[in-house]
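Asker: File name target22.pdb; file contents PDB, C-alpha atoms and all ligand atoms; full text below.
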ATOM      1  CA  MET T   1     -95.054 -25.204  24.120
ATOM      2  CA  ASN T   2     -94.923 -25.532  20.346
ATOM      3  CA  ASN T   3     -98.499 -25.823  19.110
ATOM      4  CA  GLU T   4     -97.413 -27.855  16.124
ATOM      5  CA  LEU T   5     -96.407 -30.758  18.329
ATOM      6  CA  LYS T   6     -99.097 -33.392  18.536
ATOM      7  CA  THR T   7     -99.644 -34.751  21.995
ATOM      8  CA  ILE T   8    -101.722 -37.306  23.839
ATOM      9  CA  ASP T   9    -102.960 -35.878  27.126
ATOM     10  CA  PHE T  10    -103.361 -38.175  30.107
ATOM     11  CA  TYR T  11    -106.560 -38.009  32.123
ATOM     12  CA  CYS T  12    -107.589 -39.738  35.326
ATOM     13  CA  LYS T  13    -110.183 -42.425  34.687
ATOM     14  CA  LYS T  14    -111.641 -42.005  38.158
ATOM     15  CA  CYS T  15    -112.201 -38.248  38.384
ATOM     16  CA  LYS T  16    -111.879 -37.437  34.637
ATOM     17  CA  ARG T  17    -109.454 -34.626  35.279
ATOM     18  CA  THR T  18    -106.072 -34.046  33.737
ATOM     19  CA  PHE T  19    -102.827 -35.432  35.094
ATOM     20  CA  ARG T  20    -101.151 -32.454  33.441
ATOM     21  CA  ALA T  21     -98.916 -34.940  31.667
ATOM     22  CA  TYR T  22     -98.744 -35.810  28.030
ATOM     23  CA  HIS T  23     -96.902 -37.887  25.497
ATOM     24  CA  ILE T  24     -95.536 -36.200  22.391
ATOM     25  CA  ILE T  25     -96.548 -38.208  19.357
ATOM     26  CA  THR T  26     -93.617 -39.573  17.380
ATOM     27  CA  GLU T  27     -95.772 -41.270  14.707
ATOM     28  CA  ASN T  28     -93.924 -44.499  15.476
ATOM     29  CA  ASP T  29     -96.349 -46.951  17.084
ATOM     30  CA  ASN T  30     -93.482 -48.875  18.681
ATOM     31  CA  THR T  31     -92.307 -45.919  20.761
ATOM     32  CA  PRO T  32     -92.482 -46.850  24.443
ATOM     33  CA  VAL T  33     -94.626 -44.438  26.474
ATOM     34  CA  MET T  34     -93.141 -43.584  29.875
ATOM     35  CA  PRO T  35     -92.154 -47.155  30.793
ATOM     36  CA  ASN T  36     -92.329 -47.818  34.533
ATOM     37  CA  PHE T  37     -93.464 -44.286  35.160
ATOM     38  CA  ALA T  38     -95.893 -43.607  37.975
ATOM     39  CA  MET T  39     -97.892 -40.462  38.515
ATOM     40  CA  LYS T  40    -100.372 -39.254  41.051
ATOM     41  CA  CYS T  41    -103.595 -37.476  40.250
ATOM     42  CA  HIS T  42    -103.534 -33.978  41.752
ATOM     43  CA  HIS T  43    -107.277 -34.111  42.240
ATOM     44  CA  CYS T  44    -108.149 -37.498  43.756
ATOM     45  CA  ASN T  45    -104.650 -38.699  44.757
ATOM     46  CA  ARG T  46    -104.977 -41.870  42.723
ATOM     47  CA  VAL T  47    -101.653 -43.290  41.581
ATOM     48  CA  VAL T  48    -101.338 -44.869  38.159
ATOM     49  CA  MET T  49     -98.453 -46.627  36.490
ATOM     50  CA  LEU T  50     -97.701 -47.009  32.826
ATOM     51  CA  LYS T  51     -96.322 -50.446  32.131
ATOM     52  CA  ASN T  52     -95.586 -51.823  28.709
ATOM     53  CA  TYR T  53     -97.472 -49.105  26.886
ATOM     54  CA  SER T  54     -96.430 -48.233  23.384
ATOM     55  CA  GLU T  55     -97.635 -45.315  21.340
ATOM     56  CA  GLY T  56     -99.707 -47.684  19.183
ATOM     57  CA  ARG T  57    -101.451 -49.153  22.216
ATOM     58  CA  ILE T  58    -102.233 -45.693  23.601
ATOM     59  CA  LYS T  59    -103.594 -44.533  20.242
ATOM     60  CA  ALA T  60    -105.875 -47.563  20.035
ATOM     61  CA  HIS T  61    -107.488 -46.568  23.336
ATOM     62  CA  MET T  62    -107.541 -42.818  23.160
ATOM     63  CA  ASP T  63    -110.610 -40.658  22.996
ATOM     64  CA  GLN T  64    -109.744 -37.828  20.596
ATOM     65  CA  GLU T  65    -106.497 -36.478  22.027
ATOM     66  CA  LYS T  66    -107.273 -37.694  25.537
ATOM     67  CA  PHE T  67    -106.144 -40.923  27.109
ATOM     68  CA  TYR T  68    -107.820 -42.057  30.328
ATOM     69  CA  LEU T  69    -105.877 -44.321  32.619
TER      70      LEU T  69
HETATM   71 ZN    ZN M   1    -108.168 -38.337  39.692
END
Can you give me the file's structure in the form of structure tokens?
Ligand SMILES: [Zn+2]

Answerer:
Amino acid sequence: MNNELKTIDFYCKKCKRTFRAYHIITENDNTPVMPNFAMKCHHCNRVVMLKNYSEGRIKAHMDQEKFYL
């Protein structure tokens, strides 16, 4: 992975561990982020879905480079 790429890492809100998934920042707040994408936490088996998230909305709720959902 290119270290110069800026990413937002997704973390599980329930167990606080990583989903091992991330969004690569485009610097365009209107960029849709994995629309209608579902993923399962490897640790607690919780399933989350990203619906109608844009990069701007993710950035507004992120904690440093982490985003809990
Ligand atoms: Zn979890």

Asker: Taking the file as shown, find all residues satisfying the PyMOL selection byres (((not hetatm)) within 10 of (chain M and resi 1)) and write them as a list in words.

Answerer: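 Given this file, the PyMOL selection byres (((not hetatm)) within 10 of (chain M and resi 1)) evaluates to Tyr11, Cys12, Lys13, Lys14, Cys15, Lys16, Arg17, Thr18, Phe19, Lys40, Cys41, His42, His43, Cys44, Asn45, Arg46, Val47, Val48 and Leu69 of chain T.
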
Asker: Nearest residue to Ala38 of chain T out of T:Met62, T:Phe67, T:Lys51, T:Arg57, using all atoms listed in the file?

Answerer: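 Once distances to Ala38 of chain T are computed over all atoms listed in the file, the minimum belongs to T:Lys51.
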
Asker: Show me, as JSON, the centre and edge lengths in Å to one decimal of the axis-aligned box that covers every listed atom of segment 12-21 of chain T with 8 Å on each side.

Answerer:
{"center_x": -105.6, "center_y": -37.4, "center_z": 35.0, "size_x": 29.3, "size_y": 26.0, "size_z": 22.7}

Asker: If we count all atoms listed in the file and set the cut-off at 9 Å, which residues sit around Glu65 of chain T, ignoring sequence neighbours fewer than 3 positions away in its own chain? Please answer as a list in words.

Answerer: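 The residues that qualify are Lys6, Thr7, Ile8, Asp9, Phe10, Lys59 and Met62 of chain T.
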
Asker: Take the selection from the previous step and output its residues with C-alpha atoms, as an mmCIF file, in the coordinates of the input.

Answerer:
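So part_36.cif came out as:
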data_model
loop_
_atom_site.group_PDB
_atom_site.id
_atom_site.type_symbol
_atom_site.label_atom_id
_atom_site.label_comp_id
_atom_site.auth_asym_id
_atom_site.auth_seq_id
_atom_site.Cartn_x
_atom_site.Cartn_y
_atom_site.Cartn_z
ATOM 1 C CA LYS T 6 -99.097 -33.392 18.536
ATOM 2 C CA THR T 7 -99.644 -34.751 21.995
ATOM 3 C CA ILE T 8 -101.722 -37.306 23.839
ATOM 4 C CA ASP T 9 -102.960 -35.878 27.126
ATOM 5 C CA PHE T 10 -103.361 -38.175 30.107
ATOM 6 C CA LYS T 59 -103.594 -44.533 20.242
ATOM 7 C CA MET T 62 -107.541 -42.818 23.160
#

Asker: Report the distance between atom CA of Gln64 of chain T and atom CA of Thr31 of chain T in Å, rounded to one decimal place.

Answerer: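 Computing the Euclidean distance for atom CA of Gln64 of chain T and atom CA of Thr31 of chain T yields 19.2 Å.
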
Asker: For a test of reading the model, state the distance in Å between atom CA of Leu50 of chain T and atom CA of His23 of chain T, rounded to one decimal.

Answerer: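 Calculated distance between atom CA of Leu50 of chain T and atom CA of His23 of chain T is 11.7 Å.
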
Asker: Restricting the calculation to all atoms listed in the file: of T:Arg20, T:Glu27, T:Met39, T:Val33, which residue gets closest to Ile58 of chain T?

Answerer: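 Ranked by minimum distance to Ile58 of chain T, first place goes to T:Val33.
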
Asker: Could you write out as a ChimeraX atom specification the residues that the PyMOL selection byres (((chain T and resi 30) around 7) and not hetatm) matches in the shown file?

Answerer: /T:28-29,31-32,54-56
